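Below is the file final.cif, which contains mmCIF, C-alpha atoms and all ligand atoms.
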```cif
data_data
#
loop_
_atom_site.group_PDB
_atom_site.id
_atom_site.type_symbol
_atom_site.label_atom_id
_atom_site.label_comp_id
_atom_site.auth_asym_id
_atom_site.auth_seq_id
_atom_site.Cartn_x
_atom_site.Cartn_y
_atom_site.Cartn_z
ATOM 1 C CA MET Z 1 122.062 27.716 101.310
ATOM 2 C CA THR Z 2 118.792 27.349 99.540
ATOM 3 C CA TRP Z 3 116.555 30.148 100.738
ATOM 4 C CA GLY Z 4 118.044 33.007 98.721
ATOM 5 C CA HIS Z 5 114.809 34.338 97.291
ATOM 6 C CA PRO Z 6 115.273 37.038 94.623
ATOM 7 C CA ARG Z 7 113.784 39.645 96.994
ATOM 8 C CA VAL Z 8 116.414 38.845 99.649
ATOM 9 C CA PRO Z 9 119.660 38.122 97.830
ATOM 10 C CA HIS Z 10 122.726 36.898 99.712
ATOM 11 C CA GLY Z 11 124.985 39.642 100.904
ATOM 12 C CA GLN Z 12 122.088 42.049 101.077
ATOM 13 C CA SER Z 13 121.307 44.176 104.089
ATOM 14 C CA ILE Z 14 118.143 43.462 106.114
ATOM 15 C CA LEU Z 15 116.671 46.941 106.496
ATOM 16 C CA SER Z 16 112.911 46.453 106.371
ATOM 17 C CA VAL Z 17 110.383 43.647 106.174
ATOM 18 C CA SER Z 18 109.230 45.231 102.915
ATOM 19 C CA GLN Z 19 112.185 43.391 101.319
ATOM 20 C CA TYR Z 20 110.336 40.147 102.041
ATOM 21 C CA GLY Z 21 107.297 38.732 100.326
ATOM 22 C CA ARG Z 22 105.262 35.716 101.283
ATOM 23 C CA THR Z 23 107.511 33.347 99.320
ATOM 24 C CA ALA Z 24 110.700 34.666 100.898
ATOM 25 C CA VAL Z 25 109.155 34.319 104.369
ATOM 26 C CA GLU Z 26 107.984 30.762 103.642
ATOM 27 C CA ASP Z 27 111.404 29.834 102.233
ATOM 28 C CA LEU Z 28 113.085 31.246 105.354
ATOM 29 C CA PHE Z 29 110.747 29.343 107.683
ATOM 30 C CA ASP Z 30 111.448 26.147 105.755
ATOM 31 C CA VAL Z 31 115.194 26.657 106.315
ATOM 32 C CA ILE Z 32 114.590 27.246 110.023
ATOM 33 C CA ASP Z 33 112.345 24.175 110.365
ATOM 34 C CA ARG Z 34 115.051 22.049 108.745
ATOM 35 C CA LYS Z 35 117.863 23.904 110.591
ATOM 36 C CA ASP Z 36 119.459 24.055 107.175
ATOM 37 C CA TRP Z 37 121.937 26.856 107.839
ATOM 38 C CA GLY Z 38 125.523 26.891 106.713
ATOM 39 C CA ASP Z 39 128.769 27.199 108.610
ATOM 40 C CA CYS Z 40 130.109 30.709 109.276
ATOM 41 C CA THR Z 41 133.595 29.751 110.471
ATOM 42 C CA GLY Z 42 135.978 32.633 109.857
ATOM 43 C CA LYS Z 43 133.174 35.211 109.590
ATOM 44 C CA ILE Z 44 132.890 38.135 111.997
ATOM 45 C CA ILE Z 45 129.944 40.414 112.729
ATOM 46 C CA ALA Z 46 129.880 43.658 114.727
ATOM 47 C CA ASN Z 47 126.965 44.217 117.107
ATOM 48 C CA LEU Z 48 126.751 48.023 117.072
ATOM 49 C CA PHE Z 49 124.108 49.040 119.604
ATOM 50 C CA TYR Z 50 123.386 52.718 120.309
ATOM 51 C CA GLU Z 51 120.404 51.754 122.511
ATOM 52 C CA PRO Z 52 119.975 49.223 125.347
ATOM 53 C CA SER Z 53 119.360 45.596 124.463
ATOM 54 C CA THR Z 54 119.386 42.234 126.195
ATOM 55 C CA ARG Z 55 117.677 39.763 123.840
ATOM 56 C CA THR Z 56 118.502 41.172 120.435
ATOM 57 C CA SER Z 57 122.223 41.698 121.019
ATOM 58 C CA SER Z 58 122.724 38.407 122.864
ATOM 59 C CA SER Z 59 120.663 36.403 120.396
ATOM 60 C CA PHE Z 60 122.650 37.714 117.428
ATOM 61 C CA HIS Z 61 125.812 37.024 119.441
ATOM 62 C CA ALA Z 62 124.763 33.485 120.380
ATOM 63 C CA ALA Z 63 123.557 32.797 116.827
ATOM 64 C CA MET Z 64 126.918 33.825 115.385
ATOM 65 C CA LEU Z 65 128.878 31.708 117.882
ATOM 66 C CA LYS Z 66 126.650 28.702 117.138
ATOM 67 C CA LEU Z 67 127.322 29.199 113.418
ATOM 68 C CA GLY Z 68 131.067 29.005 114.145
ATOM 69 C CA GLY Z 69 131.770 32.714 113.658
ATOM 70 C CA ASN Z 70 132.850 35.558 115.910
ATOM 71 C CA VAL Z 71 131.390 38.828 117.178
ATOM 72 C CA ILE Z 72 132.776 42.259 117.995
ATOM 73 C CA PRO Z 73 130.223 43.513 120.541
ATOM 74 C CA ILE Z 74 129.936 47.308 120.751
ATOM 75 C CA ASN Z 75 127.042 47.428 123.148
ATOM 76 C CA GLU Z 76 128.006 50.545 125.013
ATOM 77 C CA VAL Z 77 128.849 53.179 122.442
ATOM 78 C CA THR Z 78 129.818 55.668 125.157
ATOM 79 C CA TYR Z 79 133.088 53.726 125.392
ATOM 80 C CA SER Z 80 133.648 53.903 121.627
ATOM 81 C CA SER Z 81 134.649 56.782 119.354
ATOM 82 C CA VAL Z 82 130.965 57.710 119.136
ATOM 83 C CA SER Z 83 131.549 59.538 122.445
ATOM 84 C CA LYS Z 84 134.245 61.586 120.674
ATOM 85 C CA GLY Z 85 131.658 62.737 118.150
ATOM 86 C CA GLU Z 86 132.263 60.236 115.326
ATOM 87 C CA THR Z 87 129.393 60.070 112.843
ATOM 88 C CA LEU Z 88 127.410 56.889 112.257
ATOM 89 C CA GLU Z 89 128.706 56.838 108.679
ATOM 90 C CA ASP Z 90 132.379 56.917 109.733
ATOM 91 C CA THR Z 91 131.824 54.241 112.384
ATOM 92 C CA ILE Z 92 130.156 52.028 109.739
ATOM 93 C CA ARG Z 93 132.943 52.614 107.186
ATOM 94 C CA THR Z 94 135.518 51.692 109.838
ATOM 95 C CA LEU Z 95 133.806 48.526 111.044
ATOM 96 C CA GLY Z 96 133.360 47.443 107.429
ATOM 97 C CA CYS Z 97 137.158 47.080 107.236
ATOM 98 C CA TYR Z 98 137.059 44.423 109.972
ATOM 99 C CA VAL Z 99 133.804 42.522 109.771
ATOM 100 C CA ASP Z 100 131.501 40.718 107.329
ATOM 101 C CA ALA Z 101 128.221 42.267 108.540
ATOM 102 C CA ILE Z 102 127.071 44.915 111.018
ATOM 103 C CA VAL Z 103 124.036 44.457 113.274
ATOM 104 C CA LEU Z 104 122.817 47.965 114.116
ATOM 105 C CA ARG Z 105 120.439 49.328 116.741
ATOM 106 C CA HIS Z 106 119.981 53.102 116.774
ATOM 107 C CA PRO Z 107 117.488 55.729 118.008
ATOM 108 C CA ASP Z 108 116.954 57.217 114.511
ATOM 109 C CA ASP Z 109 114.283 55.635 112.286
ATOM 110 C CA ASP Z 110 116.453 55.933 109.154
ATOM 111 C CA ALA Z 111 119.794 54.852 110.683
ATOM 112 C CA ALA Z 112 119.892 51.402 109.047
ATOM 113 C CA LEU Z 113 119.333 52.937 105.609
ATOM 114 C CA VAL Z 114 121.935 55.657 106.268
ATOM 115 C CA ALA Z 115 124.406 52.955 107.334
ATOM 116 C CA HIS Z 116 123.588 50.725 104.350
ATOM 117 C CA LYS Z 117 124.322 53.557 101.908
ATOM 118 C CA VAL Z 118 127.936 53.900 103.070
ATOM 119 C CA SER Z 119 128.629 50.332 104.139
ATOM 120 C CA SER Z 120 130.883 47.863 102.340
ATOM 121 C CA VAL Z 121 129.197 44.990 104.240
ATOM 122 C CA PRO Z 122 125.535 44.053 104.881
ATOM 123 C CA ILE Z 123 123.675 45.975 107.582
ATOM 124 C CA VAL Z 124 121.108 44.180 109.746
ATOM 125 C CA ASN Z 125 118.517 46.525 111.245
ATOM 126 C CA ALA Z 126 118.211 45.411 114.895
ATOM 127 C CA GLY Z 127 115.638 48.093 115.723
ATOM 128 C CA CYS Z 128 115.923 51.727 114.625
ATOM 129 C CA GLY Z 129 113.872 54.409 116.360
ATOM 130 C CA SER Z 130 110.168 53.766 116.150
ATOM 131 C CA GLY Z 131 110.555 52.715 112.515
ATOM 132 C CA GLU Z 132 111.179 49.007 112.056
ATOM 133 C CA HIS Z 133 112.628 45.951 113.774
ATOM 134 C CA PRO Z 134 112.527 43.416 110.938
ATOM 135 C CA THR Z 135 114.329 40.464 112.553
ATOM 136 C CA GLN Z 136 112.079 40.691 115.633
ATOM 137 C CA ALA Z 137 109.021 40.659 113.369
ATOM 138 C CA LEU Z 138 110.337 37.624 111.496
ATOM 139 C CA LEU Z 139 110.819 35.778 114.793
ATOM 140 C CA ASP Z 140 107.379 36.943 115.939
ATOM 141 C CA LEU Z 141 105.795 35.586 112.772
ATOM 142 C CA TYR Z 142 107.782 32.345 113.068
ATOM 143 C CA THR Z 143 106.455 31.994 116.632
ATOM 144 C CA ILE Z 144 102.887 32.495 115.403
ATOM 145 C CA TYR Z 145 103.455 29.819 112.750
ATOM 146 C CA LYS Z 146 105.075 27.315 115.153
ATOM 147 C CA GLU Z 147 102.477 27.762 117.885
ATOM 148 C CA ASN Z 148 99.477 27.571 115.522
ATOM 149 C CA HIS Z 149 100.860 25.375 112.687
ATOM 150 C CA THR Z 150 99.507 27.986 110.278
ATOM 151 C CA ILE Z 151 99.364 31.738 109.741
ATOM 152 C CA ASP Z 152 96.481 31.959 107.279
ATOM 153 C CA GLY Z 153 93.061 32.120 108.901
ATOM 154 C CA LEU Z 154 94.216 33.502 112.267
ATOM 155 C CA THR Z 155 92.845 36.515 114.112
ATOM 156 C CA VAL Z 156 95.760 38.555 115.506
ATOM 157 C CA THR Z 157 95.195 41.350 118.046
ATOM 158 C CA LEU Z 158 98.077 43.810 118.544
ATOM 159 C CA MET Z 159 97.857 45.747 121.804
ATOM 160 C CA GLY Z 160 99.831 48.482 123.563
ATOM 161 C CA ASP Z 161 101.979 51.334 122.289
ATOM 162 C CA LEU Z 162 101.195 50.812 118.614
ATOM 163 C CA ARG Z 163 102.278 54.351 117.798
ATOM 164 C CA TYR Z 164 105.945 53.950 118.717
ATOM 165 C CA GLY Z 165 106.393 50.168 118.828
ATOM 166 C CA ARG Z 166 108.766 49.330 115.988
ATOM 167 C CA THR Z 167 108.179 45.583 116.336
ATOM 168 C CA VAL Z 168 104.486 46.155 115.626
ATOM 169 C CA HIS Z 169 105.260 48.333 112.593
ATOM 170 C CA SER Z 170 107.288 45.506 111.065
ATOM 171 C CA LEU Z 171 104.985 42.675 112.162
ATOM 172 C CA VAL Z 172 101.852 44.250 110.744
ATOM 173 C CA GLN Z 173 103.510 44.431 107.311
ATOM 174 C CA LEU Z 174 104.531 40.749 107.457
ATOM 175 C CA LEU Z 175 101.035 39.703 108.574
ATOM 176 C CA GLY Z 176 99.746 41.554 105.521
ATOM 177 C CA TYR Z 177 101.368 38.919 103.292
ATOM 178 C CA PHE Z 178 99.014 36.309 104.788
ATOM 179 C CA ASN Z 179 95.257 35.870 105.113
ATOM 180 C CA VAL Z 180 95.063 37.218 108.673
ATOM 181 C CA LYS Z 181 92.451 39.331 110.464
ATOM 182 C CA ILE Z 182 94.379 42.135 112.227
ATOM 183 C CA GLN Z 183 92.947 44.113 115.185
ATOM 184 C CA PHE Z 184 94.471 47.011 117.132
ATOM 185 C CA VAL Z 185 93.932 47.794 120.841
ATOM 186 C CA SER Z 186 95.603 50.890 122.310
ATOM 187 C CA PRO Z 187 94.989 54.058 124.282
ATOM 188 C CA PRO Z 188 93.809 56.782 121.842
ATOM 189 C CA ASP Z 189 97.155 58.635 121.988
ATOM 190 C CA LEU Z 190 99.105 55.503 121.113
ATOM 191 C CA ARG Z 191 97.168 54.349 118.049
ATOM 192 C CA ILE Z 192 98.864 52.653 115.106
ATOM 193 C CA PRO Z 193 100.190 55.190 112.543
ATOM 194 C CA GLY Z 194 97.906 55.916 109.604
ATOM 195 C CA LYS Z 195 99.945 54.035 107.008
ATOM 196 C CA TYR Z 196 99.404 50.755 108.904
ATOM 197 C CA ALA Z 197 95.932 51.484 110.306
ATOM 198 C CA LYS Z 198 94.210 50.451 107.080
ATOM 199 C CA MET Z 199 95.548 46.908 107.503
ATOM 200 C CA GLY Z 200 93.320 46.236 110.508
ATOM 201 C CA THR Z 201 90.479 47.435 112.711
ATOM 202 C CA ILE Z 202 90.602 49.433 115.956
ATOM 203 C CA VAL Z 203 88.773 47.432 118.642
ATOM 204 C CA GLU Z 204 88.309 47.094 122.408
ATOM 205 C CA LEU Z 205 90.017 44.101 124.040
ATOM 206 C CA ASN Z 206 86.919 42.807 125.804
ATOM 207 C CA ASP Z 207 85.013 42.711 122.506
ATOM 208 C CA VAL Z 208 87.579 40.518 120.755
ATOM 209 C CA LEU Z 209 89.169 38.350 123.478
ATOM 210 C CA SER Z 210 87.018 35.305 122.828
ATOM 211 C CA THR Z 211 87.795 35.316 119.090
ATOM 212 C CA THR Z 212 91.500 36.245 119.176
ATOM 213 C CA ASP Z 213 94.010 33.511 118.248
ATOM 214 C CA VAL Z 214 97.154 35.574 118.848
ATOM 215 C CA LEU Z 215 97.375 38.435 121.358
ATOM 216 C CA TYR Z 216 100.588 40.456 120.937
ATOM 217 C CA LEU Z 217 101.299 42.970 123.706
ATOM 218 C CA THR Z 218 103.910 45.728 123.841
ATOM 219 C CA ARG Z 219 105.137 48.012 126.610
ATOM 220 C CA VAL Z 220 104.848 51.805 126.506
ATOM 221 C CA GLN Z 221 107.932 52.916 124.534
ATOM 222 C CA LYS Z 222 108.788 55.478 127.180
ATOM 223 C CA GLU Z 223 112.080 56.503 125.574
ATOM 224 C CA ARG Z 224 110.256 57.577 122.394
ATOM 225 C CA HIS Z 225 107.892 59.881 124.264
ATOM 226 C CA THR Z 226 110.456 62.503 125.219
ATOM 227 C CA ASP Z 227 109.185 65.019 122.651
ATOM 228 C CA HIS Z 228 105.626 64.228 123.588
ATOM 229 C CA ALA Z 229 105.638 64.548 127.362
ATOM 230 C CA SER Z 230 102.088 65.815 127.314
ATOM 231 C CA ILE Z 231 100.996 62.574 125.670
ATOM 232 C CA PHE Z 232 103.011 60.299 127.873
ATOM 233 C CA GLU Z 233 102.666 61.830 131.314
ATOM 234 C CA PRO Z 234 98.948 61.246 131.805
ATOM 235 C CA LEU Z 235 99.421 57.708 130.519
ATOM 236 C CA GLU Z 236 102.350 57.132 132.853
ATOM 237 C CA ALA Z 237 100.224 58.330 135.735
ATOM 238 C CA ASP Z 238 97.499 55.879 134.716
ATOM 239 C CA TYR Z 239 100.022 53.146 134.265
ATOM 240 C CA ALA Z 240 101.419 53.586 137.762
ATOM 241 C CA ALA Z 241 98.072 54.019 139.438
ATOM 242 C CA ALA Z 242 96.277 51.188 137.660
ATOM 243 C CA PRO Z 243 99.048 49.122 136.108
ATOM 244 C CA PHE Z 244 96.816 46.570 134.444
ATOM 245 C CA SER Z 245 94.475 49.012 132.777
ATOM 246 C CA TYR Z 246 96.953 49.066 129.906
ATOM 247 C CA GLY Z 247 97.687 45.348 129.932
ATOM 248 C CA ILE Z 248 95.930 42.057 130.587
ATOM 249 C CA THR Z 249 94.796 40.290 133.727
ATOM 250 C CA GLU Z 250 94.136 36.696 134.777
ATOM 251 C CA GLU Z 251 90.435 37.508 134.284
ATOM 252 C CA HIS Z 252 91.175 38.408 130.656
ATOM 253 C CA MET Z 253 93.007 35.093 130.252
ATOM 254 C CA ALA Z 254 89.973 33.280 131.643
ATOM 255 C CA SER Z 255 87.797 34.759 128.849
ATOM 256 C CA ALA Z 256 90.379 34.178 126.097
ATOM 257 C CA LYS Z 257 90.505 31.183 123.753
ATOM 258 C CA ARG Z 258 91.903 27.935 125.115
ATOM 259 C CA GLY Z 259 94.243 27.905 122.130
ATOM 260 C CA LEU Z 260 95.378 31.544 122.492
ATOM 261 C CA THR Z 261 99.026 32.407 121.771
ATOM 262 C CA LEU Z 262 100.045 35.232 124.135
ATOM 263 C CA MET Z 263 103.114 37.052 122.821
ATOM 264 C CA HIS Z 264 105.326 39.998 123.769
ATOM 265 C CA PRO Z 265 108.642 41.111 122.216
ATOM 266 C CA LEU Z 266 109.922 41.802 125.755
ATOM 267 C CA PRO Z 267 110.949 43.501 127.954
ATOM 268 C CA ARG Z 268 107.498 43.424 129.570
ATOM 269 C CA LEU Z 269 106.626 45.764 132.350
ATOM 270 C CA SER Z 270 103.357 45.418 134.217
ATOM 271 C CA GLU Z 271 101.263 44.820 131.072
ATOM 272 C CA ILE Z 272 101.584 41.059 131.627
ATOM 273 C CA PRO Z 273 101.565 40.147 135.335
ATOM 274 C CA LYS Z 274 104.006 37.373 136.222
ATOM 275 C CA GLU Z 275 101.156 35.152 137.456
ATOM 276 C CA ILE Z 276 100.304 34.579 133.786
ATOM 277 C CA ASP Z 277 103.763 33.151 132.990
ATOM 278 C CA SER Z 278 102.767 29.635 134.048
ATOM 279 C CA ASP Z 279 99.751 29.632 131.704
ATOM 280 C CA PRO Z 280 100.666 27.329 128.795
ATOM 281 C CA ARG Z 281 99.273 29.977 126.433
ATOM 282 C CA ALA Z 282 102.034 32.413 127.525
ATOM 283 C CA ALA Z 283 104.413 32.021 124.582
ATOM 284 C CA TYR Z 284 106.794 34.944 125.164
ATOM 285 C CA PHE Z 285 109.758 32.938 126.417
ATOM 286 C CA ARG Z 286 109.280 30.333 123.673
ATOM 287 C CA GLN Z 287 109.265 33.353 121.326
ATOM 288 C CA VAL Z 288 112.754 34.281 122.610
ATOM 289 C CA ARG Z 289 113.985 30.756 121.885
ATOM 290 C CA TYR Z 290 112.555 30.730 118.354
ATOM 291 C CA GLY Z 291 114.435 33.987 117.818
ATOM 292 C CA LEU Z 292 117.797 32.271 118.118
ATOM 293 C CA ASP Z 293 117.006 29.908 115.231
ATOM 294 C CA VAL Z 294 115.570 32.739 113.132
ATOM 295 C CA ARG Z 295 118.725 34.806 113.598
ATOM 296 C CA MET Z 296 120.965 31.834 112.827
ATOM 297 C CA ALA Z 297 119.132 31.403 109.529
ATOM 298 C CA LEU Z 298 119.242 35.133 108.725
ATOM 299 C CA LEU Z 299 122.952 35.546 109.532
ATOM 300 C CA SER Z 300 123.885 32.405 107.675
ATOM 301 C CA GLY Z 301 121.821 33.599 104.707
ATOM 302 C CA ILE Z 302 123.622 36.920 104.393
ATOM 303 C CA LEU Z 303 127.124 35.632 105.230
ATOM 304 C CA GLN Z 304 127.302 32.514 103.053
ATOM 305 C CA GLU Z 305 129.226 32.794 99.800
ATOM 306 C CA ASP Z 306 127.101 32.186 96.687
HETATM 307 C C1 LIG Z 401 111.772 45.521 121.412
HETATM 308 C C2 LIG Z 401 112.524 46.695 120.807
HETATM 309 O O1 LIG Z 401 113.696 46.920 121.133
HETATM 310 O O2 LIG Z 401 111.906 47.340 119.984
HETATM 311 N N1 LIG Z 401 112.617 44.673 122.149
HETATM 312 C C3 LIG Z 401 113.244 43.651 121.505
HETATM 313 O O3 LIG Z 401 114.050 43.863 120.622
HETATM 314 N N2 LIG Z 401 112.897 42.400 121.834
HETATM 315 C C4 LIG Z 401 110.558 45.902 122.158
HETATM 316 C C5 LIG Z 401 110.690 46.904 123.268
HETATM 317 O O4 LIG Z 401 111.774 47.376 123.584
HETATM 318 O O5 LIG Z 401 109.644 47.221 123.837
#
```

Would you mind writing the structure in this file as structure tokens?
Amino acid sequence: MTWGHPRVPHGQSILSVSQYGRTAVEDLFDVIDRKDWGDCTGKIIANLFYEPSTRTSSSFHAAMLKLGGNVIPINEVTYSSVSKGETLEDTIRTLGCYVDAIVLRHPDDDAALVAHKVSSVPIVNAGCGSGEHPTQALLDLYTIYKENHTIDGLTVTLMGDLRYGRTVHSLVQLLGYFNVKIQFVSPPDLRIPGKYAKMGTIVELNDVLSTTDVLYLTRVQKERHTDHASIFEPLEADYAAAPFSYGITEEHMASAKRGLTLMHPLPRLSEIPKEIDSDPRAAYFRQVRYGLDVRMALLSGILQED
């Protein structure tokens, strides 16, 4: 392994993109481009998912199998001791006796940090609450780089539920390491939190479509709106009545750049109609595929012996 940048040492948990700097990101992308990951034969990870997942859990699983290792999938915690009332800390301490790393998804923003503090093995944050989703953001940024052959100089428009979307919260920090113009499009109640807002400009989609290089959409994070029913309900009503008012249409695509990269972390709901899937600018399924390579590199990086 060659990509062990001082800010991301081997054996270290991946909790937040703030661990990465531009050099660490560039080193990682170089490893991925060269598919220069090591063998993980004999290594085991646990996929500990307290929330639903299709792509993230199966891509970590597939990545580990392709690296020669094994996976203990705990995708339905209701069948584990969690349903008996076991704390996250005790579950982490227990799994650490069996595995070499734990991939964790959890509804609490600070769960990855809580787990890291008691864990004898690295923790990989696979999306915690509305906080961060660092490996998704790394694969999002890698997609931007592969589709555009650069990151510097691009105009990136992030659109949707920017308030609760954890992928956006991580991606905006990574974009900040590069020379990128960042723009935010969202309903007023779903604006990007203040600490990230200063990194970009709030705009209207129609004003920026013709100059946007990368358009990154997200769904309404309905599960995060439970304490804020008054915020979500009117939006949900809008969403059902006029499903594309929140998303994009074929007419939008007609006014967008010929070289646009249209991205979405998935799952998408009606914010991208399926008619757009055949547009070569629709990159969201290529994004999924890039994610497998990114996770192979990340797992190999934290599991390889020095
Ligand atoms: C995202 C997540 O879980 O935050 N999904 C994913 O990991 N690809 C986005 C979402 O659920 O909307």

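Using all atoms listed in the file, the smallest distance between any of Z:Asp39, Z:Asp108, Z:Glu86, Z:Asp207 and Cys128 of chain Z comes from Z:Asp108.
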
Original post:
If you count all atoms listed in the file, which residues end up within 7 Å of ligand LIG 401 (chain Z), as a ChimeraX atom specification?
Top reply: /Z:53,55-56,127,133,136,165-167,218-219,221,265-267

Subject >> Selection result of the PyMOL selection byres (((chain Z and resi 261) around 7) and not hetatm) on this file, as an MDAnalysis selection string >> reply: chainID Z and resid 147 213:215 259:260 262:263 281:283

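Atom CA of Phe29 of chain Z sits 16.1 Å away from atom CA of Arg286 of chain Z.
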
Original post:
With only C-alpha atoms as the basis for distance, which of Z:Leu154, Z:Ile202, Z:Leu303, Z:Asn125 is at the shortest distance from Gly68 of chain Z?
Top reply: Z:Leu303

**OP:** Using the chain letters and numbers from the file, give me the residues hit by the PyMOL selection byres (((chain Z and resi 256) around 8) and not hetatm), as a ChimeraX atom specification.
**Re:** /Z:209-212,252-255,257-258,260

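Taking atom CA of Met159 of chain Z as the reference point, atom CA of Gly291 of chain Z is found at 20.7 Å.
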
Original post:
Could you pull the residues within 10 Å of Pro187 of chain Z, counting all atoms listed in the file, minus those fewer than 4 positions along the same chain, as an MDAnalysis selection string?
Top reply: chainID Z and resid 159:163 191 204 235 245:246

Original post:
So, counting only C-alpha atoms, which residue among Z:Gly69, Z:Phe49, Z:Leu28, Z:Gly21 is closest to Leu139 of chain Z?
Top reply: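 Of the candidates, the smallest distance to Leu139 of chain Z is held by Z:Leu28.
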
Original post:
Given the choices Z:Ala137, Z:Leu299, Z:Gly194, Z:Gly131, which gets closest to Val71 of chain Z if the distance is worked out from all atoms listed in the file?
Top reply: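 When distances to Val71 of chain Z are compared using all atoms listed in the file, the smallest one comes from Z:Leu299.
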
**OP:** Just the residues within 7 Å of segment 34-37 of chain Z, please, counting all atoms listed in the file, with nothing from its chain fewer than 2 positions along; format it as a ChimeraX atom specification.
**Re:** /Z:1,30-32,39,297,300

Please, could you write that set of residues out with C-alpha atoms as a short mmCIF file (atom, residue, chain, number, x, y, z; two decimals), keeping the file's coordinate frame?
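The result, written out as again-v5.cif:
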```cif
data_model
loop_
_atom_site.label_atom_id
_atom_site.label_comp_id
_atom_site.auth_asym_id
_atom_site.auth_seq_id
_atom_site.Cartn_x
_atom_site.Cartn_y
_atom_site.Cartn_z
CA MET Z 1 122.06 27.72 101.31
CA ASP Z 30 111.45 26.15 105.76
CA VAL Z 31 115.19 26.66 106.32
CA ILE Z 32 114.59 27.25 110.02
CA ASP Z 39 128.77 27.20 108.61
CA ALA Z 297 119.13 31.40 109.53
CA SER Z 300 123.88 32.40 107.68
#
```

Original post:
So how far away is atom CA of Thr201 of chain Z from atom CA of Glu271 of chain Z, in Å?
Top reply: 21.5 Å

Original post:
Counting only C-alpha atoms, which residues come within 10 Å of (129.3, 53.2, 101.7), with the point read in the file's coordinates, and could you list them as an NGL selection string?
Top reply: :Z and (89-90 or 92-93 or 96 or 114-121)

Please fill the gaps in segment 109-121 of chain Z so it has N, CA, C and O atoms, and write that as an mmCIF file, keeping the file's coordinate frame.
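Dumped everything to part-v9.cif:
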```cif
data_model
loop_
_atom_site.group_PDB
_atom_site.id
_atom_site.type_symbol
_atom_site.label_atom_id
_atom_site.label_comp_id
_atom_site.auth_asym_id
_atom_site.auth_seq_id
_atom_site.Cartn_x
_atom_site.Cartn_y
_atom_site.Cartn_z
ATOM 1 N N ASP Z 109 115.060 56.547 113.140
ATOM 2 C CA ASP Z 109 114.283 55.635 112.286
ATOM 3 C C ASP Z 109 115.039 55.242 111.013
ATOM 4 O O ASP Z 109 114.895 54.126 110.524
ATOM 5 N N ASP Z 110 115.821 56.200 110.455
ATOM 6 C CA ASP Z 110 116.453 55.933 109.154
ATOM 7 C C ASP Z 110 117.907 55.477 109.273
ATOM 8 O O ASP Z 110 118.630 55.402 108.280
ATOM 9 N N ALA Z 111 118.362 55.141 110.486
ATOM 10 C CA ALA Z 111 119.794 54.852 110.683
ATOM 11 C C ALA Z 111 120.267 53.643 109.877
ATOM 12 O O ALA Z 111 121.378 53.656 109.323
ATOM 13 N N ALA Z 112 119.446 52.595 109.778
ATOM 14 C CA ALA Z 112 119.892 51.402 109.047
ATOM 15 C C ALA Z 112 120.095 51.733 107.568
ATOM 16 O O ALA Z 112 121.065 51.276 106.948
ATOM 17 N N LEU Z 113 119.196 52.550 107.017
ATOM 18 C CA LEU Z 113 119.333 52.937 105.609
ATOM 19 C C LEU Z 113 120.556 53.825 105.408
ATOM 20 O O LEU Z 113 121.332 53.645 104.459
ATOM 21 N N VAL Z 114 120.758 54.780 106.328
ATOM 22 C CA VAL Z 114 121.935 55.657 106.268
ATOM 23 C C VAL Z 114 123.200 54.804 106.300
ATOM 24 O O VAL Z 114 124.134 55.004 105.508
ATOM 25 N N ALA Z 115 123.237 53.828 107.201
ATOM 26 C CA ALA Z 115 124.406 52.955 107.334
ATOM 27 C C ALA Z 115 124.615 52.124 106.070
ATOM 28 O O ALA Z 115 125.732 52.008 105.549
ATOM 29 N N HIS Z 116 123.518 51.576 105.558
ATOM 30 C CA HIS Z 116 123.588 50.725 104.350
ATOM 31 C C HIS Z 116 124.198 51.486 103.175
ATOM 32 O O HIS Z 116 124.988 50.942 102.398
ATOM 33 N N LYS Z 117 123.866 52.770 103.067
ATOM 34 C CA LYS Z 117 124.322 53.557 101.908
ATOM 35 C C LYS Z 117 125.834 53.729 101.887
ATOM 36 O O LYS Z 117 126.408 53.924 100.821
ATOM 37 N N VAL Z 118 126.476 53.698 103.047
ATOM 38 C CA VAL Z 118 127.936 53.900 103.070
ATOM 39 C C VAL Z 118 128.691 52.616 103.396
ATOM 40 O O VAL Z 118 129.926 52.619 103.444
ATOM 41 N N SER Z 119 127.968 51.526 103.610
ATOM 42 C CA SER Z 119 128.629 50.332 104.139
ATOM 43 C C SER Z 119 129.147 49.422 103.036
ATOM 44 O O SER Z 119 128.487 49.213 102.015
ATOM 45 N N SER Z 120 130.321 48.853 103.274
ATOM 46 C CA SER Z 120 130.883 47.863 102.340
ATOM 47 C C SER Z 120 130.405 46.460 102.692
ATOM 48 O O SER Z 120 130.686 45.511 101.967
ATOM 49 N N VAL Z 121 129.693 46.311 103.812
ATOM 50 C CA VAL Z 121 129.197 44.990 104.240
ATOM 51 C C VAL Z 121 127.701 45.114 104.559
ATOM 52 O O VAL Z 121 127.205 46.220 104.791
#
```
